[in-house]
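Undergrad: Sharing a structure below in structure tokens format, with a few things to ask.
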Amino acid sequence: MPRAVYVLALGIFAMVTSEFVVAGLMPQMADGLDATIPEIGYLITAFAAAMALGGPFLTVAVLKLRQKSALMLLFGSFLAGNVLAALAPDYRTMLVARVLTGIASQAFFGVSISLASRITRPEVRGRAVAVALNGLMLGTLLGLPFATVVGEHLGWRAAFWAITVLTVLAAVATLIGVPSADGESEENGSLRQELGAFRNPRLWLVLTTSTFVIGATFSAFSYLNPILTELTGFSTGTVPLLLIAYGAATVIGNTVVGRLADRRTIPVLVVGLVLNLTFLVGFALFAELTAPAVVFMLGIGLVGVTMNPALVTRVQRVGNARSLVNTVHSSFITLGIIIATSVGGPAIDTFGLRAPLWIGAGLAVLGLVSLVPDMRRRLLNPAPSPAVEKAADKVPQGA
């Protein structure tokens, strides 16, 4: 695996840590910005909405740049937003900062995944994407606890300054460790070529699957804290340890899926969704029982967001591996998060804390339904030999 792929993971880790930081420091930020807890919660929604809606437009703006140059520009944009957040004198300024960092993060994810695919052999692209996306998993495992501890001991602004330092380190590592050229042109196609992939109706169905898969997972993840404390009965001091265990499960699952994603894409997604559905339903039914609740929570970590390498592989095969397709895919993933959080909150008010788990189960079912055309195609057309698959990967996609 090229060293550059691990460097890309570091950049993703820095930006995911920034994405999560608000969730861990809500009370401190509310006091510091003279805002309410719900208003601070809107900062999370604003970040996600900026990712989903603004990221593709920023990606279009950097299409003509070589991908390494685009990454450095995106680092600069992200740093500007993060420094603005650290210095924010009021809530409105913080809101602007979160929008800026959200847009830059989404574009960075798209370009990074595209570059990770370009600099690796076709037969191991799924593994390369998994390594790069370990930055996302480690953001859950280490980034959020790190930022929360810094913020609690040194103030919430210190957490943003710590992320700034981490981002600078990632940018320097990218400047040194990511090649400027790899024997192929790093440049993306023209805007017309990039948009051409979206004329394929099948791509939109594939993107929708990603929305359902990630939405199902975040329906549970977004509300783990209140579910574990109020339903299962864990103390507030125990929950961070459980979340660390959840993060560890995502790292393990991501590694396994990455090794299977290239040659077993559809089976991995089907099995993952069936297991996630089982774990979500089990969690909803047995949330008040300590041992089953922990098992089902960890199960969701193993087979939830960890489907990302298989989702990316599927999208790239139907569309292409260029930056815009990958960024739009990330936007569909973020849409799943927005749906999960926006529907889950009101559902809790009406139906109680089990509601997000049932919503997640419903989204998992929809994800399975969206895979039916590919499952039928797979049954009617047996998989080609490895040699044919390898040759197919070399054919320009999205034409």
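Scheme for the structure tokens: letters A, B, ... for chains in order shown; per-chain residue numbers from 1; ligand numbers from 1 in order shown.
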I'd like the contact shell of A:Trp161 - 8 Å cut-off, only C-alpha atoms, skipping same-chain residues fewer than 6 positions apart - returned as a list of chain:residue names.

TA: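 That gives A:Asn82, A:Val83, A:Ala86.
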
Undergrad: Can you list, as a list in words, every protein, DNA or RNA residue that comes within 7 Å of stretch 231-240 of chain A when you count only C-alpha atoms, leaving out same-chain residues fewer than 3 positions away?

TA: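 Contacts, in chain order: Asn225, Ile227, Leu228, Leu243, Ile244, Ala287, Glu288, Leu289 and Thr290 of chain A.
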
Undergrad: Store the residues picked out above in a file with all heavy atoms, as a compact mmCIF listing (two decimals), in the first residue's frame.

TA:
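The file below, result01.txt, is the result:
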# COMPACT_ATOMS: atom_id res chain seq x y z
N ASN A 225 -25.79 8.04 23.45
CA ASN A 225 -25.61 8.54 24.82
C ASN A 225 -26.90 8.46 25.63
O ASN A 225 -26.94 7.82 26.69
CB ASN A 225 -25.05 9.96 24.79
CG ASN A 225 -24.48 10.37 26.13
OD1 ASN A 225 -25.04 10.08 27.17
ND2 ASN A 225 -23.34 11.05 26.11
N ILE A 227 -29.65 6.81 24.97
CA ILE A 227 -30.18 5.44 24.99
C ILE A 227 -29.45 4.62 26.05
O ILE A 227 -30.06 3.90 26.86
CB ILE A 227 -30.04 4.78 23.60
CG1 ILE A 227 -31.00 5.43 22.61
CG2 ILE A 227 -30.31 3.28 23.69
CD1 ILE A 227 -30.80 4.98 21.17
N LEU A 228 -28.12 4.73 26.07
CA LEU A 228 -27.33 3.93 27.01
C LEU A 228 -27.51 4.37 28.46
O LEU A 228 -27.43 3.55 29.38
CB LEU A 228 -25.85 4.00 26.63
CG LEU A 228 -25.46 3.31 25.31
CD1 LEU A 228 -24.03 3.64 24.93
CD2 LEU A 228 -25.65 1.79 25.42
N LEU A 243 -18.28 4.25 23.98
CA LEU A 243 -18.11 4.88 22.67
C LEU A 243 -16.73 4.59 22.10
O LEU A 243 -16.57 4.45 20.88
CB LEU A 243 -18.34 6.39 22.77
CG LEU A 243 -19.78 6.82 23.11
CD1 LEU A 243 -19.87 8.33 23.21
CD2 LEU A 243 -20.76 6.29 22.05
N ILE A 244 -15.72 4.50 22.97
CA ILE A 244 -14.38 4.13 22.50
C ILE A 244 -14.42 2.69 21.97
O ILE A 244 -13.82 2.38 20.92
CB ILE A 244 -13.35 4.27 23.63
CG1 ILE A 244 -13.12 5.76 23.94
CG2 ILE A 244 -12.04 3.60 23.27
CD1 ILE A 244 -12.24 6.01 25.13
N ALA A 287 -32.94 -3.01 24.71
CA ALA A 287 -32.12 -1.87 25.13
C ALA A 287 -31.99 -1.77 26.64
O ALA A 287 -31.03 -1.18 27.15
CB ALA A 287 -32.70 -0.57 24.57
N GLU A 288 -32.93 -2.34 27.39
CA GLU A 288 -32.90 -2.22 28.84
C GLU A 288 -32.02 -3.30 29.49
O GLU A 288 -31.80 -3.25 30.70
CB GLU A 288 -34.31 -2.29 29.40
CG GLU A 288 -35.17 -1.09 28.98
CD GLU A 288 -36.59 -1.19 29.51
OE1 GLU A 288 -36.94 -2.27 30.04
OE2 GLU A 288 -37.35 -0.22 29.36
N LEU A 289 -31.54 -4.24 28.71
CA LEU A 289 -30.69 -5.32 29.23
C LEU A 289 -29.24 -5.01 28.92
O LEU A 289 -28.87 -4.85 27.75
CB LEU A 289 -31.10 -6.66 28.64
CG LEU A 289 -32.56 -7.08 28.89
CD1 LEU A 289 -32.85 -8.41 28.20
CD2 LEU A 289 -32.83 -7.19 30.39
N THR A 290 -28.41 -4.94 29.94
CA THR A 290 -27.04 -4.44 29.79
C THR A 290 -26.22 -5.21 28.76
O THR A 290 -25.70 -4.62 27.80
CB THR A 290 -26.31 -4.49 31.15
OG1 THR A 290 -27.04 -3.71 32.10
CG2 THR A 290 -24.90 -3.94 31.01

Undergrad: To one decimal place, how far is atom CA of A:Arg157 from atom CA of A:Tyr223 in Å?

TA: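 A separation of 25.3 Å between them.
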
Undergrad: Interatomic distance between atom CA of A:His329 and atom CA of A:Gly362?

TA: 21.3 Å

Undergrad: Residues near stretch 8-21 of chain A, anyone? I mean within 8 Å using only C-alpha atoms, not counting same-chain ones fewer than 4 positions away, as a VMD selection string.

TA: chain A and resid 4 25 44 47 82 102 105 108 to 109 112 116 131 to 136 138 to 140 143 to 144 147 to 148 159 to 160 163 166 to 167 170 to 171 174

Undergrad: Determine the nearest neighbour of A:Val129 from the options A:Asp262, A:Asp90, A:Glu230, A:Glu194, counting only C-alpha atoms.

TA: A:Asp262

Undergrad: Please list as a VMD selection string every residue within 12 Å of A:Arg125, counting only C-alpha atoms and excluding residues in the same chain fewer than 2 positions away.

TA: chain A and resid 1 to 2 5 113 to 123 127 to 132 258 to 263 265 309 to 310 312 to 314 316 to 317 321 390 393

Undergrad: The selected residues should be written to file as a tab-separated table (two decimals), in the first residue's frame (atoms: C-alpha atoms).

TA:
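Saved the output as part-v4.tsv:
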chain	number	residue	atom	x	y	z
A	1	MET	CA	0.00	0.00	0.00
A	2	PRO	CA	1.52	3.39	-0.98
A	5	VAL	CA	-2.72	6.59	1.31
A	113	ILE	CA	-10.70	9.16	-2.06
A	114	SER	CA	-10.19	9.84	-5.76
A	115	LEU	CA	-6.42	10.19	-5.27
A	116	ALA	CA	-6.24	7.05	-3.12
A	117	SER	CA	-7.92	5.16	-5.97
A	118	ARG	CA	-5.61	6.61	-8.60
A	119	ILE	CA	-2.32	5.78	-6.91
A	120	THR	CA	-3.15	2.13	-6.17
A	121	ARG	CA	-3.57	-0.92	-8.38
A	122	PRO	CA	-7.17	-1.63	-9.49
A	123	GLU	CA	-7.35	-4.92	-7.60
A	127	ARG	CA	-8.34	-1.73	0.53
A	128	ALA	CA	-6.80	1.66	-0.29
A	129	VAL	CA	-10.13	3.40	0.25
A	130	ALA	CA	-10.51	1.53	3.54
A	131	VAL	CA	-7.08	2.71	4.71
A	132	ALA	CA	-7.90	6.30	3.80
A	258	GLY	CA	-11.74	-3.10	2.87
A	259	ARG	CA	-10.19	-6.50	2.19
A	260	LEU	CA	-13.44	-7.87	0.75
A	261	ALA	CA	-14.82	-4.81	-1.03
A	262	ASP	CA	-13.02	-5.26	-4.37
A	263	ARG	CA	-14.19	-8.81	-5.20
A	265	THR	CA	-18.87	-5.80	-3.17
A	309	PRO	CA	-15.21	0.93	1.32
A	310	ALA	CA	-17.77	-1.31	-0.41
A	312	VAL	CA	-17.20	3.66	-2.58
A	313	THR	CA	-16.11	0.71	-4.73
A	314	ARG	CA	-19.66	0.28	-6.04
A	316	GLN	CA	-16.70	4.14	-8.64
A	317	ARG	CA	-17.56	1.12	-10.80
A	321	ALA	CA	-13.16	7.33	-9.58
A	390	LYS	CA	-8.93	-6.57	-13.64
A	393	ASP	CA	-11.08	-1.77	-14.08

Undergrad: Write out as JSON, numbers by chain the set of residues from stretch 163-260 of chain A that DSSP, computed on the backbone, places in helix (DSSP H, G or I).

TA: {"A": [163, 164, 165, 166, 167, 168, 169, 170, 171, 172, 173, 174, 175, 176, 177, 191, 192, 193, 194, 195, 196, 197, 198, 199, 201, 202, 203, 204, 205, 206, 207, 208, 209, 210, 211, 212, 213, 214, 215, 216, 217, 218, 219, 220, 221, 224, 225, 226, 227, 228, 229, 230, 231, 232, 239, 240, 241, 242, 243, 244, 245, 246, 247, 248, 249, 250, 251, 252, 253, 254, 255, 256, 257, 258, 259, 260]}

Undergrad: Would you mind telling me which residue in A:Gly345, A:Gly55, A:Pro292, A:Gly151 lies nearest to A:Pro27 when using only C-alpha atoms?

TA: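 Answer, going by the shortest atom-to-atom distance: A:Gly151.
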
Undergrad: Would you mind telling me which residue in A:Gly299, A:Gly360, A:Gly110, A:Pro267 lies nearest to A:Arg378 when using only C-alpha atoms?

TA: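 Answer, going by the shortest atom-to-atom distance: A:Pro267.
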
Undergrad: Please report the interatomic distance between atom CA of A:Leu71 and atom CA of A:Asn308 in Å with one decimal.

TA: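 Computed distance, atom CA of A:Leu71 to atom CA of A:Asn308, equals 21.1 Å.
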
Undergrad: A:Arg98: which residues within 10 Å, counting only C-alpha atoms, same-chain residues fewer than 4 positions away excluded, as a PyMOL selection string?

TA: chain A and resi 18-19+22+43-48+50-51+78+81-82+84-85+92-94+102-104

Undergrad: Go through A:Gln67, A:Thr350, A:Thr341, A:Ser370 one by one, measure the shortest atom-to-atom distance of each to A:Ser210 using only C-alpha atoms, and give the residue with the smallest value.

TA: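 Checking each candidate against A:Ser210, we get A:Ser370 as the closest.
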